[in-house]
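Everything below belongs to structure.cif, which stores mmCIF, C-alpha atoms.
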data_model
#
loop_
_atom_site.label_atom_id
_atom_site.label_comp_id
_atom_site.auth_asym_id
_atom_site.auth_seq_id
_atom_site.Cartn_x
_atom_site.Cartn_y
_atom_site.Cartn_z
CA MET A 13 74.68 -11.02 2.52
CA LYS A 14 76.16 -14.50 2.32
CA LYS A 15 74.23 -16.78 0.00
CA VAL A 16 72.98 -20.29 0.81
CA ARG A 17 75.27 -22.62 -1.14
CA VAL A 18 73.40 -25.63 -2.54
CA LEU A 19 74.50 -28.92 -4.08
CA VAL A 20 71.81 -30.59 -6.25
CA ILE A 21 72.00 -34.39 -6.58
CA ASP A 22 69.62 -36.09 -9.04
CA ASP A 23 70.16 -38.66 -11.79
CA SER A 24 67.69 -36.83 -14.07
CA ALA A 25 69.35 -34.14 -16.18
CA SER A 26 66.02 -32.30 -16.59
CA VAL A 27 65.48 -32.20 -12.83
CA ARG A 28 69.03 -30.99 -12.21
CA GLN A 29 68.52 -28.22 -14.75
CA ALA A 30 65.11 -27.26 -13.35
CA MET A 31 66.31 -27.22 -9.73
CA THR A 32 69.40 -25.21 -10.65
CA ARG A 33 67.30 -22.68 -12.55
CA ILE A 34 64.70 -22.34 -9.78
CA LEU A 35 67.20 -22.00 -6.95
CA SER A 36 69.59 -19.71 -8.82
CA ALA A 37 66.74 -17.27 -9.50
CA ASP A 38 66.69 -16.48 -5.78
CA PRO A 39 69.31 -13.83 -4.92
CA GLU A 40 69.90 -15.50 -1.56
CA ILE A 41 70.82 -18.89 -3.08
CA GLU A 42 73.84 -20.09 -5.06
CA VAL A 43 73.94 -23.54 -6.68
CA ILE A 44 77.60 -24.52 -6.40
CA ALA A 45 77.22 -27.79 -8.34
CA ALA A 46 74.72 -30.33 -9.73
CA ALA A 47 75.70 -34.01 -9.53
CA ALA A 48 74.19 -37.01 -11.34
CA ASP A 49 74.94 -39.50 -8.55
CA PRO A 50 76.37 -39.69 -5.00
CA PHE A 51 79.87 -40.52 -6.21
CA ALA A 52 80.10 -37.31 -8.22
CA ALA A 53 78.52 -35.45 -5.28
CA ALA A 54 81.16 -36.78 -2.90
CA ARG A 55 83.89 -35.29 -5.06
CA TYR A 56 82.20 -31.89 -5.00
CA ILE A 57 81.80 -32.06 -1.21
CA GLN A 58 85.49 -32.86 -0.78
CA ALA A 59 86.28 -29.61 -2.58
CA GLU A 60 83.56 -27.45 -0.96
CA VAL A 61 81.03 -28.35 1.73
CA PRO A 62 77.61 -26.91 0.78
CA ASP A 63 75.16 -25.31 3.17
CA VAL A 64 72.32 -27.53 1.85
CA VAL A 65 72.08 -30.68 -0.28
CA THR A 66 68.98 -31.57 -2.30
CA LEU A 67 69.05 -35.33 -2.74
CA ASP A 68 67.03 -37.73 -4.90
CA VAL A 69 66.09 -41.10 -3.38
CA GLU A 70 66.18 -43.38 -6.44
CA MET A 71 69.57 -43.21 -8.15
CA PRO A 72 71.97 -45.65 -9.84
CA ARG A 73 75.14 -46.98 -8.15
CA MET A 74 74.05 -45.77 -4.69
CA ASP A 75 70.55 -44.92 -3.43
CA GLY A 76 69.89 -41.63 -1.71
CA ILE A 77 69.21 -43.10 1.75
CA THR A 78 72.58 -44.87 1.83
CA PHE A 79 74.36 -41.71 0.73
CA LEU A 80 72.43 -39.65 3.30
CA ARG A 81 73.53 -41.94 6.14
CA ARG A 82 77.15 -41.78 5.03
CA LEU A 83 77.03 -38.02 4.66
CA MET A 84 75.52 -37.53 8.13
CA SER A 85 78.16 -39.76 9.73
CA GLN A 86 81.12 -38.13 7.97
CA CYS A 87 80.06 -34.54 7.19
CA PRO A 88 76.69 -33.58 8.78
CA THR A 89 74.93 -31.27 6.32
CA PRO A 90 71.28 -30.17 6.01
CA VAL A 91 69.65 -32.41 3.39
CA VAL A 92 66.32 -31.93 1.62
CA MET A 93 65.05 -35.12 -0.02
CA CYS A 94 63.60 -34.59 -3.50
CA SER A 95 61.67 -37.66 -4.58
CA SER A 96 58.83 -38.95 -6.75
CA LEU A 97 58.02 -41.56 -4.10
CA VAL A 98 54.61 -40.94 -2.57
CA GLU A 99 52.26 -43.67 -1.27
CA ASP A 100 54.52 -46.67 -1.87
CA GLY A 101 57.62 -44.76 -0.88
CA SER A 102 56.38 -43.00 2.23
CA GLU A 103 58.17 -45.48 4.50
CA THR A 104 61.39 -44.82 2.58
CA LEU A 105 61.03 -41.09 3.09
CA LEU A 106 60.36 -41.66 6.79
CA GLN A 107 63.66 -43.54 6.90
CA ALA A 108 65.29 -40.49 5.33
CA LEU A 109 63.92 -38.24 8.09
CA GLU A 110 65.12 -40.71 10.71
CA ALA A 111 68.54 -40.71 9.06
CA GLY A 112 68.79 -36.93 9.36
CA ALA A 113 67.05 -35.29 6.38
CA VAL A 114 65.40 -32.06 7.47
CA ASP A 115 62.64 -31.79 4.87
CA ILE A 116 61.06 -33.31 1.75
CA ILE A 117 60.14 -32.02 -1.69
CA LEU A 118 57.84 -34.32 -3.67
CA LYS A 119 57.98 -34.43 -7.45
CA PRO A 120 55.53 -36.22 -9.78
CA ARG A 121 56.65 -39.08 -12.01
CA MET A 122 55.40 -37.22 -15.10
CA GLY A 123 56.04 -33.59 -16.00
CA VAL A 124 58.66 -33.18 -13.27
CA ALA A 125 60.32 -30.06 -14.63
CA GLU A 126 56.96 -28.31 -15.10
CA HIS A 127 55.84 -29.24 -11.59
CA LEU A 128 59.07 -27.97 -10.05
CA ALA A 129 58.70 -24.68 -11.90
CA GLU A 130 55.18 -24.23 -10.50
CA ALA A 131 56.43 -25.02 -6.98
CA HIS A 132 59.42 -22.67 -7.17
CA LEU A 133 58.53 -20.55 -4.13
CA MET A 134 58.03 -23.58 -1.88
CA ILE A 135 61.31 -25.12 -3.08
CA ARG A 136 63.33 -21.97 -2.39
CA GLU A 137 61.80 -21.50 1.06
CA THR A 138 62.39 -25.15 1.94
CA VAL A 139 66.06 -24.90 0.95
CA LYS A 140 66.59 -21.64 2.84
CA GLY A 141 64.85 -23.10 5.86
CA ALA A 142 67.11 -26.14 5.72
CA ALA A 143 70.14 -23.85 5.80
CA ALA A 144 69.00 -22.66 9.23
CA ALA A 145 68.66 -26.21 10.59
CA ARG A 146 70.88 -27.64 13.28
CA VAL A 147 72.31 -30.90 11.96
CA GLY A 148 74.83 -32.90 13.97
CA ALA A 149 77.53 -30.62 15.31
CA ARG A 150 76.93 -27.85 12.75
CA ARG A 151 76.68 -24.29 13.97
CA PRO A 152 73.22 -22.66 13.91
CA GLY A 153 72.60 -21.39 10.40
CA ARG A 154 71.12 -18.20 9.05
CA SER A 155 67.46 -17.41 9.48
CA ALA A 156 65.33 -17.34 6.37
CA GLU A 157 61.68 -16.58 6.93
CA PRO A 158 59.15 -16.81 4.09
CA ALA A 159 57.04 -13.82 3.17
CA ARG A 160 53.72 -13.84 5.00
CA LYS A 161 50.50 -14.49 3.15
CA LEU A 162 47.01 -15.19 4.45
CA THR A 163 46.29 -15.46 8.15
CA ALA A 164 43.73 -17.71 9.84
CA ASP A 165 41.15 -14.98 9.13
CA ALA A 166 40.82 -16.61 5.69
CA VAL A 167 39.38 -19.75 7.31
CA LEU A 168 37.95 -18.79 10.72
CA PRO A 169 36.88 -15.49 12.29
CA PRO A 170 38.92 -14.35 15.32
CA PRO A 171 37.95 -15.67 18.75
CA THR A 172 35.43 -13.56 20.65
CA GLY A 173 36.52 -13.36 24.27
CA ARG A 174 37.13 -16.39 26.46
CA ALA A 175 35.73 -19.68 25.24
CA MET A 176 33.11 -21.79 26.96
CA SER A 177 33.62 -23.29 30.43
CA ARG A 178 35.66 -26.40 31.09
CA THR A 179 34.45 -29.88 30.30
CA THR A 180 35.59 -33.07 32.00
CA GLU A 181 38.35 -33.63 29.42
CA MET A 182 41.25 -31.58 28.15
CA VAL A 183 42.51 -31.43 24.57
CA VAL A 184 46.10 -30.84 23.45
CA CYS A 185 46.94 -29.09 20.17
CA ILE A 186 50.46 -29.44 18.75
CA GLY A 187 51.98 -27.67 15.75
CA ALA A 188 55.35 -28.46 14.14
CA SER A 189 57.21 -28.23 10.85
CA THR A 190 60.88 -28.73 9.90
CA GLY A 191 62.39 -31.27 12.28
CA GLY A 192 59.00 -32.04 13.73
CA THR A 193 58.62 -35.66 12.67
CA GLU A 194 61.34 -36.92 14.99
CA ALA A 195 60.50 -34.37 17.68
CA LEU A 196 56.87 -35.53 17.71
CA ARG A 197 57.99 -39.14 17.92
CA GLU A 198 60.01 -38.34 21.05
CA VAL A 199 57.08 -36.55 22.69
CA LEU A 200 54.41 -39.12 21.83
CA GLU A 201 56.58 -42.10 22.78
CA ALA A 202 56.90 -40.64 26.28
CA LEU A 203 53.13 -40.48 26.84
CA PRO A 204 51.10 -43.13 28.70
CA ALA A 205 48.20 -44.96 27.09
CA ASN A 206 45.66 -42.78 28.97
CA ALA A 207 47.15 -39.46 27.87
CA PRO A 208 44.67 -36.68 27.01
CA GLY A 209 43.35 -36.44 23.47
CA ILE A 210 45.84 -34.80 21.10
CA VAL A 211 45.47 -33.18 17.68
CA VAL A 212 48.56 -32.45 15.59
CA VAL A 213 49.38 -30.33 12.56
CA GLN A 214 52.78 -31.33 11.17
CA HIS A 215 53.67 -29.70 7.85
CA MET A 216 53.98 -32.64 5.45
CA PRO A 217 53.33 -33.38 1.79
CA GLU A 218 50.08 -34.96 0.67
CA SER A 219 49.82 -38.76 1.15
CA PHE A 220 52.72 -38.75 3.61
CA THR A 221 50.91 -38.29 6.92
CA ARG A 222 49.14 -41.66 6.75
CA ALA A 223 52.46 -43.53 6.78
CA PHE A 224 53.76 -41.19 9.48
CA ALA A 225 50.74 -41.91 11.68
CA ARG A 226 51.10 -45.68 11.12
CA ARG A 227 54.75 -45.51 12.14
CA LEU A 228 53.97 -43.59 15.33
CA ASN A 229 51.10 -45.93 16.15
CA GLY A 230 53.53 -48.84 16.14
CA LEU A 231 55.94 -47.04 18.47
CA CYS A 232 53.65 -45.36 21.01
CA GLU A 233 51.35 -46.47 23.79
CA VAL A 234 48.74 -43.98 22.58
CA ASP A 235 46.79 -44.77 19.41
CA VAL A 236 47.83 -42.60 16.46
CA LYS A 237 45.97 -42.18 13.17
CA GLU A 238 45.60 -39.77 10.28
CA ALA A 239 42.57 -37.62 11.05
CA GLU A 240 39.31 -37.91 9.14
CA ASP A 241 36.48 -35.40 9.17
CA GLY A 242 34.28 -36.00 12.22
CA ASP A 243 36.81 -38.02 14.25
CA THR A 244 36.29 -37.70 18.01
CA VAL A 245 39.16 -36.38 20.12
CA MET A 246 39.43 -38.82 22.99
CA ARG A 247 41.81 -39.84 25.74
CA GLY A 248 44.62 -42.10 24.60
CA HIS A 249 44.29 -41.07 20.93
CA VAL A 250 46.33 -38.78 18.66
CA LEU A 251 44.96 -37.39 15.39
CA ILE A 252 47.45 -36.20 12.74
CA ALA A 253 46.12 -33.68 10.19
CA PRO A 254 46.21 -35.01 6.60
CA GLY A 255 48.98 -33.34 4.62
CA GLY A 256 48.68 -31.10 1.63
CA LEU A 257 45.09 -30.30 0.72
CA ARG A 258 42.93 -29.41 3.72
CA HIS A 259 42.97 -27.70 7.12
CA MET A 260 42.12 -29.43 10.39
CA MET A 261 40.03 -27.61 12.99
CA LEU A 262 38.77 -28.44 16.45
CA GLU A 263 35.03 -28.26 17.04
CA ARG A 264 32.82 -28.96 20.02
CA GLN A 265 29.74 -31.18 20.01
CA GLY A 266 28.14 -31.07 23.44
CA ALA A 267 30.75 -32.18 25.97
CA ARG A 268 33.08 -33.76 23.40
CA TYR A 269 35.50 -32.49 20.79
CA VAL A 270 35.70 -33.57 17.16
CA VAL A 271 37.91 -32.53 14.27
CA ALA A 272 36.73 -30.99 11.02
CA VAL A 273 38.95 -31.58 7.98
CA ARG A 274 38.02 -29.02 5.34
CA GLU A 275 39.27 -27.27 2.24
CA GLY A 276 40.59 -23.74 2.42
CA PRO A 277 43.30 -21.42 1.12
CA LEU A 278 46.92 -21.56 2.23
CA VAL A 279 47.32 -19.90 5.62
CA SER A 280 50.78 -18.68 6.63
CA ARG A 281 51.81 -20.44 3.38
CA HIS A 282 50.63 -23.80 4.70
CA ARG A 283 47.74 -26.22 4.40
CA PRO A 284 47.11 -27.64 6.93
CA SER A 285 48.05 -24.62 9.01
CA VAL A 286 48.93 -24.58 12.70
CA ASP A 287 47.34 -21.14 13.01
CA VAL A 288 43.99 -22.53 11.83
CA LEU A 289 44.10 -25.40 14.35
CA PHE A 290 45.13 -23.13 17.22
CA ARG A 291 42.48 -20.52 16.42
CA SER A 292 39.79 -23.20 16.35
CA ALA A 293 40.99 -24.38 19.77
CA ALA A 294 40.83 -20.83 21.10
CA ARG A 295 37.25 -20.51 19.82
CA HIS A 296 35.90 -23.88 20.93
CA ALA A 297 38.08 -25.12 23.81
CA GLY A 298 39.54 -22.10 25.62
CA SER A 299 40.85 -23.13 29.03
CA ASN A 300 40.11 -26.79 28.22
CA ALA A 301 43.09 -26.75 25.85
CA VAL A 302 46.87 -26.87 25.90
CA GLY A 303 48.76 -25.45 22.92
CA ILE A 304 52.28 -26.55 22.04
CA ILE A 305 54.43 -25.11 19.25
CA MET A 306 57.54 -27.00 18.21
CA THR A 307 60.47 -26.85 15.79
CA GLY A 308 59.80 -25.38 12.36
CA MET A 309 60.59 -22.64 9.87
CA GLY A 310 58.49 -19.51 9.56
CA ASP A 311 55.75 -18.18 11.83
CA ASP A 312 52.80 -20.53 11.34
CA GLY A 313 51.16 -21.05 14.72
CA ALA A 314 52.61 -17.95 16.42
CA ARG A 315 49.39 -15.92 16.15
CA GLY A 316 47.23 -18.89 17.01
CA LEU A 317 49.20 -19.78 20.14
CA LEU A 318 48.72 -16.25 21.45
CA GLU A 319 44.99 -16.51 20.71
CA MET A 320 44.87 -19.77 22.67
CA LYS A 321 46.65 -18.14 25.62
CA GLN A 322 44.28 -15.18 25.53
CA ALA A 323 41.35 -17.62 25.58
CA GLY A 324 42.65 -19.24 28.77
CA ALA A 325 44.66 -22.15 27.42
CA ARG A 326 48.04 -23.21 28.79
CA THR A 327 50.74 -22.74 26.14
CA LEU A 328 54.23 -24.17 25.62
CA ALA A 329 57.02 -23.52 23.12
CA GLN A 330 60.02 -25.73 22.38
CA ASP A 331 63.32 -24.07 23.28
CA GLU A 332 66.01 -23.01 20.83
CA ALA A 333 68.64 -25.50 21.95
CA THR A 334 66.52 -28.54 21.04
CA SER A 335 64.78 -27.13 17.94
CA VAL A 336 66.09 -28.15 14.52
CA VAL A 337 64.78 -24.79 13.27
CA PHE A 338 63.75 -22.21 15.89
CA GLY A 339 61.55 -20.12 13.59
CA MET A 340 58.03 -21.04 14.72
CA PRO A 341 58.74 -21.21 18.47
CA ARG A 342 60.79 -18.00 18.33
CA GLU A 343 57.93 -16.10 16.67
CA ALA A 344 55.41 -17.43 19.19
CA ILE A 345 57.65 -16.45 22.12
CA ALA A 346 58.28 -12.99 20.66
CA ARG A 347 54.52 -12.39 20.40
CA GLY A 348 54.02 -13.36 24.04
CA GLY A 349 52.09 -16.52 23.20
CA ALA A 350 54.09 -19.02 25.28
CA ASP A 351 53.51 -19.47 29.02
CA ARG A 352 56.63 -21.62 29.21
CA VAL A 353 59.63 -22.38 27.00
CA VAL A 354 60.86 -25.92 27.54
CA PRO A 355 63.34 -28.37 25.97
CA LEU A 356 62.04 -31.18 23.80
CA GLY A 357 62.68 -33.81 26.46
CA ALA A 358 60.41 -32.01 28.94
CA ILE A 359 57.40 -31.41 26.66
CA ALA A 360 55.62 -34.70 27.44
CA ARG A 361 55.95 -34.13 31.19
CA GLU A 362 54.79 -30.52 30.91
CA LEU A 363 51.86 -31.60 28.74
CA LEU A 364 50.69 -34.11 31.33
CA GLN A 365 51.09 -31.62 34.18
CA ALA A 366 49.17 -28.94 32.29
CA THR A 367 46.23 -31.30 31.66
CA ALA A 368 46.14 -32.87 35.14
CA ARG A 369 43.07 -32.17 37.23
#
Take the structure I supplied and represent it as structure tokens, if you would.
Amino acid sequence: MKKVRVLVIDDSASVRQAMTRILSADPEIEVIAAAADPFAAARYIQAEVPDVVTLDVEMPRMDGITFLRRLMSQCPTPVVMCSSLVEDGSETLLQALEAGAVDIILKPRMGVAEHLAEAHLMIRETVKGAAAARVGARRPGRSAEPARKLTADAVLPPPTGRAMSRTTEMVVCIGASTGGTEALREVLEALPANAPGIVVVQHMPESFTRAFARRLNGLCEVDVKEAEDGDTVMRGHVLIAPGGLRHMMLERQGARYVVAVREGPLVSRHRPSVDVLFRSAARHAGSNAVGIIMTGMGDDGARGLLEMKQAGARTLAQDEATSVVFGMPREAIARGGADRVVPLGAIARELLQATAR
């Protein structure tokens, strides 16, 4: 089996050593070089183009965003940003995703090497997932699915038959991961101000979703915010699940829907998990809901989308041609959970048609 060849770029020697050690311990990964700055990295790339680059943001001589933009224009390569920027740097990391980075690994400012060692499984899976991403004109990469862990059973019991009858409003549930930030932007920008209420789980690090929601709110006609426990799902509003620590679930209070943001174990290796959101929609919304699964690595959301369909919801999956990583939609389609498979550019239209009375 061909290994994923990785170039590590970080000005910290300890981080380079830790990343090299963590990645090299995976038999499916080979670290071909570790560079202290973009200039040294460029020389390595001239000799051998890696399958994946892990790239720090804050570096001397040239910052990571500038190097990322140059790399994507000259030699499109899957890039995973590895940064200590959190609250203050969220906008910078959003710029990285806009510039073509496929994912983000956050590192603390203190005890970086120890933190990376504790997060070794997530780091390896992120890098292998990036290798499967479509970037620029690159050929589709290899598939690398993480081992499965807990299902939504760890948070919610399975749905029991079809959910309650329709209300006057519909609710849309969207799940996405790798490549999802820009895909979600395209979908939400295409929606009118009176679009049906939408709840979103996008796999993101802690403290990152607030900046993501603010950015979308400034671009879209619909109002977008990071969800808080008890928020009402209403027409013209989009709620983004907070990243990192808690799950987001849909609940019904009379004729309206609200979200519950609660602690729980990792489900399908994620928190928040798309499976948890979709199962809650199957239980509490049924045919009042539309489920949409978009680009992302792994299988989170595949089981939940099928449960939504079985409860009477309309379900959509993003197609392979427009997905950065086709893992999540492919799994949902294979399980029979998708009523329709559509390209990214058609999702907003299909969403509106599915919720029209």
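Taking CA of Pro90 (chain A) and CA of Gly112 (chain A) as endpoints, the distance between them is 7.9 Å.
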Could you list, as a PyMOL selection string, every residue matched by the PyMOL selection byres ((chain A and resi 27) around 10) in this structure?
chain A and resi 20-26+28-33+46+68+94+119+124-126+128
Would you mind listing what lies within 7 Å of region 311-317 of chain A as a ChimeraX atom specification, with all atoms listed in the file counted and same-chain residues fewer than 3 positions away left out?
/A:187,280,285-287,290-291,303,305,320-321,327,339-340,343-344,349
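Shown here are all protein and nucleic acid residues lying within 9 Å of (61.2, -18.4, 25.4), with all atoms listed in the file considered: Ala329, Gln330, Asp331, Glu332, Pro341, Arg342, Ala344, Ile345, Ala346, Gly348, Ala350, Asp351, Arg352, Val353 and Val354 of chain A.
The space between CA of His259 (chain A) and CA of Gly310 (chain A) spans 17.7 Å.
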Which one is closest to Leu133 (chain A): A:Val114, A:Met13, A:Leu35, A:Val302? Count all atoms listed in the file.
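Checking each of A:Val114, A:Met13, A:Leu35, A:Val302 against Leu133 (chain A), counting all atoms listed in the file, the winner is A:Leu35.
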Do you know which residues are at most 10 Å from region 74-77 of chain A counting all atoms listed in the file, after dropping those on the same chain fewer than 5 positions away, and could you put them as a ChimeraX atom specification?
/A:21-22,49-51,67-69,82-83,93-95,104-105,107-109,111-113
